[in-house]
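Everything on this sheet refers to the single structure shown next.
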Amino acid sequence: MALTKDQKKAQVADIRDAIKKTKSLAFMKYRGLSVSDIDDLRGKMLEKNARMKVAKKTLFNIAAKEEGYPEVSDEAFGNEPIAFVFSFEDEISGAKVAFEFGKKNDAVEIVGGVVDGKLLSKEDAVEFAKMLSKEELLSKFAAMLRAPLGNFASMCGSPLGAFARAVNEVAKNKESLIIYY
């Protein structure tokens with residue numbers, strides 16, 4: 001069913017609004033997904049503050065051009081329908097959800113993306129999706145900071161504990177060695 005001119009304008013406006021708010025954008029193939037799989041994928045994206053939008057490629061390119069985004073060629077998109085994944089909070093979140101979902105479902109495949117206004121090839125977009133998220137990086141950083149401090153504390157505690165035990169033993173031995181005159 002063909003879209004009316006008003007519906008097309010509304011979609012372009014919706015895509016423009018999403019582009020203004022997004023930190024990164026991923027393009028993915030989704031043909032062959034069941035409705036329940038699409039709902040599941042959209043739910044997982046919403047949990048990570050990302051959104052999946054299915055739109056015509058020409059409408060996306062119109063909105064992208066109006067917002068100063070690079071125009072995406074038909075070769076980058078391919079002939080299949082494309083879903084656009086907008087990540088609003090963390091640059092990697094939407095692409096990561098799509099990539100992880102694609103591991104379990106062959107119908108989902110990342111085919112490109114845009115980060116910091118730069119167009120990513122399929123290979124670059126997949127590598128981008130494999131990167132650690134902001135939360136994962138922060139938790140790794142915290143663990144790296146904590147490990148040396150924990151090791152230092154145990155090293156400091158170990159000699160002090162041994163010293164305290166030795167003093168205790170000396171005190172016990174002195175009590176038994178006290179000679180009464």
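Residue names in the structure tokens use chain letters A, B, ... in the order shown, residue numbers from 1 in each chain, and ligand numbers from 1 in the order shown.
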Can you pull out every residue within 8 Å of range 68-72 of chain A, counting only C-alpha atoms, but drop anything in the same chain fewer than 4 positions away, and send it as a ChimeraX atom specification?
/A:61,64,76-77,117-119
Who sits within 6 Å of range 7-24 of chain A, only C-alpha atoms, same chain under 2 positions skipped, as JSON, numbers by chain
{"A": [3, 4, 5, 59, 63, 86, 87, 88, 91, 114, 115]}
Can you write just those residues out, all heavy atoms, as a PDB file, in the first residue's frame?
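Result file is part-v2.pdb:
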```
ATOM      1  N   LEU A   3       2.099   5.058   0.470  1.00  0.00           N
ATOM      2  CA  LEU A   3       1.894   6.078   1.492  1.00  0.00           C
ATOM      3  C   LEU A   3       1.395   7.366   0.839  1.00  0.00           C
ATOM      4  O   LEU A   3       1.811   7.721  -0.270  1.00  0.00           O
ATOM      5  CB  LEU A   3       3.203   6.373   2.219  1.00  0.00           C
ATOM      6  CG  LEU A   3       3.812   5.244   3.043  1.00  0.00           C
ATOM      7  CD1 LEU A   3       5.180   5.666   3.567  1.00  0.00           C
ATOM      8  CD2 LEU A   3       2.918   4.873   4.199  1.00  0.00           C
ATOM      9  N   THR A   4       0.546   8.068   1.536  1.00  0.00           N
ATOM     10  CA  THR A   4       0.096   9.369   1.043  1.00  0.00           C
ATOM     11  C   THR A   4       1.199  10.387   1.299  1.00  0.00           C
ATOM     12  O   THR A   4       2.140  10.140   2.076  1.00  0.00           O
ATOM     13  CB  THR A   4      -1.195   9.824   1.760  1.00  0.00           C
ATOM     14  OG1 THR A   4      -0.894  10.053   3.136  1.00  0.00           O
ATOM     15  CG2 THR A   4      -2.302   8.794   1.619  1.00  0.00           C
ATOM     16  N   LYS A   5       1.060  11.531   0.675  1.00  0.00           N
ATOM     17  CA  LYS A   5       2.059  12.588   0.842  1.00  0.00           C
ATOM     18  C   LYS A   5       2.144  13.033   2.298  1.00  0.00           C
ATOM     19  O   LYS A   5       3.241  13.264   2.825  1.00  0.00           O
ATOM     20  CB  LYS A   5       1.706  13.766  -0.062  1.00  0.00           C
ATOM     21  CG  LYS A   5       2.807  14.749  -0.243  1.00  0.00           C
ATOM     22  CD  LYS A   5       2.469  15.759  -1.327  1.00  0.00           C
ATOM     23  CE  LYS A   5       3.682  16.578  -1.644  1.00  0.00           C
ATOM     24  NZ  LYS A   5       3.462  17.475  -2.764  1.00  0.00           N
ATOM     25  N   LEU A  59      12.933   8.101   2.159  1.00  0.00           N
ATOM     26  CA  LEU A  59      12.465   9.014   3.200  1.00  0.00           C
ATOM     27  C   LEU A  59      13.551   9.260   4.233  1.00  0.00           C
ATOM     28  O   LEU A  59      13.722  10.381   4.720  1.00  0.00           O
ATOM     29  CB  LEU A  59      11.198   8.472   3.866  1.00  0.00           C
ATOM     30  CG  LEU A  59       9.965   8.343   2.970  1.00  0.00           C
ATOM     31  CD1 LEU A  59       8.797   7.763   3.756  1.00  0.00           C
ATOM     32  CD2 LEU A  59       9.590   9.673   2.353  1.00  0.00           C
ATOM     33  N   ALA A  63      15.296  12.951   5.175  1.00  0.00           N
ATOM     34  CA  ALA A  63      15.429  13.446   6.554  1.00  0.00           C
ATOM     35  C   ALA A  63      16.900  13.635   6.922  1.00  0.00           C
ATOM     36  O   ALA A  63      17.262  14.625   7.563  1.00  0.00           O
ATOM     37  CB  ALA A  63      14.759  12.478   7.522  1.00  0.00           C
ATOM     38  N   PHE A  86      18.154   3.843  16.341  1.00  0.00           N
ATOM     39  CA  PHE A  86      18.621   5.081  16.939  1.00  0.00           C
ATOM     40  C   PHE A  86      18.987   4.819  18.398  1.00  0.00           C
ATOM     41  O   PHE A  86      18.189   4.281  19.148  1.00  0.00           O
ATOM     42  CB  PHE A  86      17.519   6.149  16.881  1.00  0.00           C
ATOM     43  CG  PHE A  86      17.067   6.477  15.483  1.00  0.00           C
ATOM     44  CD1 PHE A  86      15.994   5.825  14.917  1.00  0.00           C
ATOM     45  CD2 PHE A  86      17.730   7.444  14.749  1.00  0.00           C
ATOM     46  CE1 PHE A  86      15.565   6.131  13.626  1.00  0.00           C
ATOM     47  CE2 PHE A  86      17.314   7.757  13.467  1.00  0.00           C
ATOM     48  CZ  PHE A  86      16.234   7.105  12.906  1.00  0.00           C
ATOM     49  N   SER A  87      20.198   5.219  18.797  1.00  0.00           N
ATOM     50  CA  SER A  87      20.655   5.070  20.186  1.00  0.00           C
ATOM     51  C   SER A  87      20.666   6.453  20.819  1.00  0.00           C
ATOM     52  O   SER A  87      21.423   7.323  20.400  1.00  0.00           O
ATOM     53  CB  SER A  87      22.054   4.465  20.229  1.00  0.00           C
ATOM     54  OG  SER A  87      22.062   3.190  19.639  1.00  0.00           O
ATOM     55  N   PHE A  88      19.856   6.642  21.848  1.00  0.00           N
ATOM     56  CA  PHE A  88      19.686   7.967  22.423  1.00  0.00           C
ATOM     57  C   PHE A  88      20.560   8.250  23.643  1.00  0.00           C
ATOM     58  O   PHE A  88      20.910   9.388  23.889  1.00  0.00           O
ATOM     59  CB  PHE A  88      18.213   8.200  22.782  1.00  0.00           C
ATOM     60  CG  PHE A  88      17.314   8.133  21.592  1.00  0.00           C
ATOM     61  CD1 PHE A  88      16.397   7.111  21.453  1.00  0.00           C
ATOM     62  CD2 PHE A  88      17.405   9.085  20.580  1.00  0.00           C
ATOM     63  CE1 PHE A  88      15.569   7.045  20.347  1.00  0.00           C
ATOM     64  CE2 PHE A  88      16.585   9.029  19.473  1.00  0.00           C
ATOM     65  CZ  PHE A  88      15.662   8.002  19.347  1.00  0.00           C
ATOM     66  N   GLU A  91      26.021   5.523  22.833  1.00  0.00           N
ATOM     67  CA  GLU A  91      26.247   5.387  21.400  1.00  0.00           C
ATOM     68  C   GLU A  91      26.144   3.943  20.911  1.00  0.00           C
ATOM     69  O   GLU A  91      25.731   3.681  19.795  1.00  0.00           O
ATOM     70  CB  GLU A  91      27.626   5.954  21.013  1.00  0.00           C
ATOM     71  CG  GLU A  91      27.717   7.448  21.053  1.00  0.00           C
ATOM     72  CD  GLU A  91      28.022   8.002  22.434  1.00  0.00           C
ATOM     73  OE1 GLU A  91      28.043   7.230  23.413  1.00  0.00           O
ATOM     74  OE2 GLU A  91      28.231   9.215  22.537  1.00  0.00           O
ATOM     75  N   VAL A 114      25.972   5.227  11.353  1.00  0.00           N
ATOM     76  CA  VAL A 114      26.507   6.588  11.378  1.00  0.00           C
ATOM     77  C   VAL A 114      26.874   6.905  12.826  1.00  0.00           C
ATOM     78  O   VAL A 114      26.050   6.749  13.719  1.00  0.00           O
ATOM     79  CB  VAL A 114      25.470   7.618  10.861  1.00  0.00           C
ATOM     80  CG1 VAL A 114      26.044   9.028  10.945  1.00  0.00           C
ATOM     81  CG2 VAL A 114      25.036   7.300   9.444  1.00  0.00           C
ATOM     82  N   VAL A 115      28.121   7.334  13.047  1.00  0.00           N
ATOM     83  CA  VAL A 115      28.592   7.740  14.361  1.00  0.00           C
ATOM     84  C   VAL A 115      29.344   9.052  14.190  1.00  0.00           C
ATOM     85  O   VAL A 115      30.218   9.161  13.326  1.00  0.00           O
ATOM     86  CB  VAL A 115      29.519   6.672  14.995  1.00  0.00           C
ATOM     87  CG1 VAL A 115      30.047   7.149  16.329  1.00  0.00           C
ATOM     88  CG2 VAL A 115      28.800   5.355  15.141  1.00  0.00           C
TER      89      VAL A 115
END
```
Looking only at helix (DSSP H, G or I) from DSSP on the backbone, list the matching residues of chain A as a PyMOL selection string.
chain A and resi 5-21+35-47+57-66+74-77+93-104+122-130+134-177
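Shell of Lys44 in chain A at 8 Å, with only C-alpha atoms counted and residues fewer than 4 places along the chain excluded, is Asp40, Lys48 and Val97 of chain A.
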Export of the given selection (C-alpha atoms) as a short mmCIF file (atom, residue, chain, number, x, y, z; two decimals), in the first residue's frame:
```cif
data_model
loop_
_atom_site.label_atom_id
_atom_site.label_comp_id
_atom_site.auth_asym_id
_atom_site.auth_seq_id
_atom_site.Cartn_x
_atom_site.Cartn_y
_atom_site.Cartn_z
CA ASP A 40 10.91 -8.71 21.34
CA LYS A 48 18.58 0.33 26.45
CA VAL A 97 21.19 -5.01 20.97
#
```
Residue set, range 26-173 of chain A restricted to strand (DSSP E or B), as JSON, numbers by chain:
{"A": [26, 27, 28, 29, 50, 51, 52, 53, 54, 82, 83, 84, 85, 86, 87, 109, 110, 111, 112, 113, 114, 115, 118, 119, 120]}
Now that the selection is made, can you save its residues with N, CA and C atoms as a PDB file, in the first residue's frame?
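selection-v9.pdb, freshly written:
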```pdb
ATOM      1  N   ALA A  26      22.351   2.879  13.553  1.00  0.00           N
ATOM      2  CA  ALA A  26      22.760   1.642  12.889  1.00  0.00           C
ATOM      3  C   ALA A  26      21.687   1.262  11.883  1.00  0.00           C
ATOM      4  N   PHE A  27      22.109   0.663  10.777  1.00  0.00           N
ATOM      5  CA  PHE A  27      21.184   0.158   9.770  1.00  0.00           C
ATOM      6  C   PHE A  27      21.216  -1.353   9.855  1.00  0.00           C
ATOM      7  N   MET A  28      20.044  -1.972   9.853  1.00  0.00           N
ATOM      8  CA  MET A  28      20.021  -3.433   9.946  1.00  0.00           C
ATOM      9  C   MET A  28      18.971  -4.031   9.034  1.00  0.00           C
ATOM     10  N   LYS A  29      19.285  -5.216   8.540  1.00  0.00           N
ATOM     11  CA  LYS A  29      18.310  -6.002   7.783  1.00  0.00           C
ATOM     12  C   LYS A  29      17.469  -6.753   8.791  1.00  0.00           C
ATOM     13  N   ALA A  50      17.013   2.850  23.179  1.00  0.00           N
ATOM     14  CA  ALA A  50      17.224   2.869  21.735  1.00  0.00           C
ATOM     15  C   ALA A  50      15.869   2.609  21.077  1.00  0.00           C
ATOM     16  N   ARG A  51      15.802   2.906  19.798  1.00  0.00           N
ATOM     17  CA  ARG A  51      14.534   2.756  19.088  1.00  0.00           C
ATOM     18  C   ARG A  51      14.797   2.239  17.687  1.00  0.00           C
ATOM     19  N   MET A  52      13.956   1.321  17.253  1.00  0.00           N
ATOM     20  CA  MET A  52      14.041   0.773  15.909  1.00  0.00           C
ATOM     21  C   MET A  52      12.909   1.366  15.086  1.00  0.00           C
ATOM     22  N   LYS A  53      13.244   1.902  13.927  1.00  0.00           N
ATOM     23  CA  LYS A  53      12.244   2.514  13.049  1.00  0.00           C
ATOM     24  C   LYS A  53      12.387   1.907  11.669  1.00  0.00           C
ATOM     25  N   VAL A  54      11.274   1.422  11.136  1.00  0.00           N
ATOM     26  CA  VAL A  54      11.257   0.907   9.775  1.00  0.00           C
ATOM     27  C   VAL A  54      10.680   2.003   8.892  1.00  0.00           C
ATOM     28  N   ILE A  82      15.218  -2.019   5.230  1.00  0.00           N
ATOM     29  CA  ILE A  82      16.166  -1.671   6.281  1.00  0.00           C
ATOM     30  C   ILE A  82      15.406  -1.077   7.468  1.00  0.00           C
ATOM     31  N   ALA A  83      15.874  -1.439   8.659  1.00  0.00           N
ATOM     32  CA  ALA A  83      15.381  -0.800   9.884  1.00  0.00           C
ATOM     33  C   ALA A  83      16.498   0.106  10.391  1.00  0.00           C
ATOM     34  N   PHE A  84      16.107   1.237  10.907  1.00  0.00           N
ATOM     35  CA  PHE A  84      17.064   2.206  11.424  1.00  0.00           C
ATOM     36  C   PHE A  84      17.022   2.132  12.942  1.00  0.00           C
ATOM     37  N   VAL A  85      18.180   1.973  13.568  1.00  0.00           N
ATOM     38  CA  VAL A  85      18.268   1.825  15.020  1.00  0.00           C
ATOM     39  C   VAL A  85      18.931   3.088  15.591  1.00  0.00           C
ATOM     40  N   PHE A  86      18.154   3.843  16.341  1.00  0.00           N
ATOM     41  CA  PHE A  86      18.621   5.081  16.939  1.00  0.00           C
ATOM     42  C   PHE A  86      18.987   4.819  18.398  1.00  0.00           C
ATOM     43  N   SER A  87      20.198   5.219  18.797  1.00  0.00           N
ATOM     44  CA  SER A  87      20.655   5.070  20.186  1.00  0.00           C
ATOM     45  C   SER A  87      20.666   6.453  20.819  1.00  0.00           C
ATOM     46  N   GLU A 109      20.733  -8.476  10.649  1.00  0.00           N
ATOM     47  CA  GLU A 109      22.126  -8.281  10.265  1.00  0.00           C
ATOM     48  C   GLU A 109      22.405  -6.782  10.163  1.00  0.00           C
ATOM     49  N   ILE A 110      23.447  -6.337  10.835  1.00  0.00           N
ATOM     50  CA  ILE A 110      23.843  -4.927  10.745  1.00  0.00           C
ATOM     51  C   ILE A 110      24.542  -4.711   9.407  1.00  0.00           C
ATOM     52  N   VAL A 111      24.119  -3.666   8.683  1.00  0.00           N
ATOM     53  CA  VAL A 111      24.690  -3.409   7.361  1.00  0.00           C
ATOM     54  C   VAL A 111      25.400  -2.058   7.267  1.00  0.00           C
ATOM     55  N   GLY A 112      25.399  -1.290   8.350  1.00  0.00           N
ATOM     56  CA  GLY A 112      26.075   0.002   8.328  1.00  0.00           C
ATOM     57  C   GLY A 112      25.656   0.844   9.514  1.00  0.00           C
ATOM     58  N   GLY A 113      26.115   2.078   9.516  1.00  0.00           N
ATOM     59  CA  GLY A 113      25.741   2.971  10.603  1.00  0.00           C
ATOM     60  C   GLY A 113      26.321   4.350  10.422  1.00  0.00           C
ATOM     61  N   VAL A 114      25.972   5.227  11.353  1.00  0.00           N
ATOM     62  CA  VAL A 114      26.507   6.588  11.378  1.00  0.00           C
ATOM     63  C   VAL A 114      26.874   6.905  12.826  1.00  0.00           C
ATOM     64  N   VAL A 115      28.121   7.334  13.047  1.00  0.00           N
ATOM     65  CA  VAL A 115      28.592   7.740  14.361  1.00  0.00           C
ATOM     66  C   VAL A 115      29.344   9.052  14.190  1.00  0.00           C
ATOM     67  N   LYS A 118      29.750  10.426  10.758  1.00  0.00           N
ATOM     68  CA  LYS A 118      30.557   9.672   9.791  1.00  0.00           C
ATOM     69  C   LYS A 118      29.869   8.355   9.468  1.00  0.00           C
ATOM     70  N   LEU A 119      29.804   8.056   8.196  1.00  0.00           N
ATOM     71  CA  LEU A 119      29.182   6.827   7.720  1.00  0.00           C
ATOM     72  C   LEU A 119      30.097   5.638   7.987  1.00  0.00           C
ATOM     73  N   LEU A 120      29.550   4.572   8.556  1.00  0.00           N
ATOM     74  CA  LEU A 120      30.323   3.360   8.836  1.00  0.00           C
ATOM     75  C   LEU A 120      29.980   2.284   7.814  1.00  0.00           C
TER      76      LEU A 120
END
```
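Minimum distance to Phe128 in chain A across A:Ile92, A:Gly102, A:Glu47, A:Lys140 (counting only C-alpha atoms) occurs at A:Ile92.
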Correct to one decimal, the distance CA of Asp90 in chain A-CA of Asn49 in chain A is 7.9 Å
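Going from CA of Ile62 in chain A over to CA of Phe101 in chain A, you cover 28.7 Å.
Counting from CA of Gly43 in chain A, the distance to CA of Glu127 in chain A is 23.3 Å.
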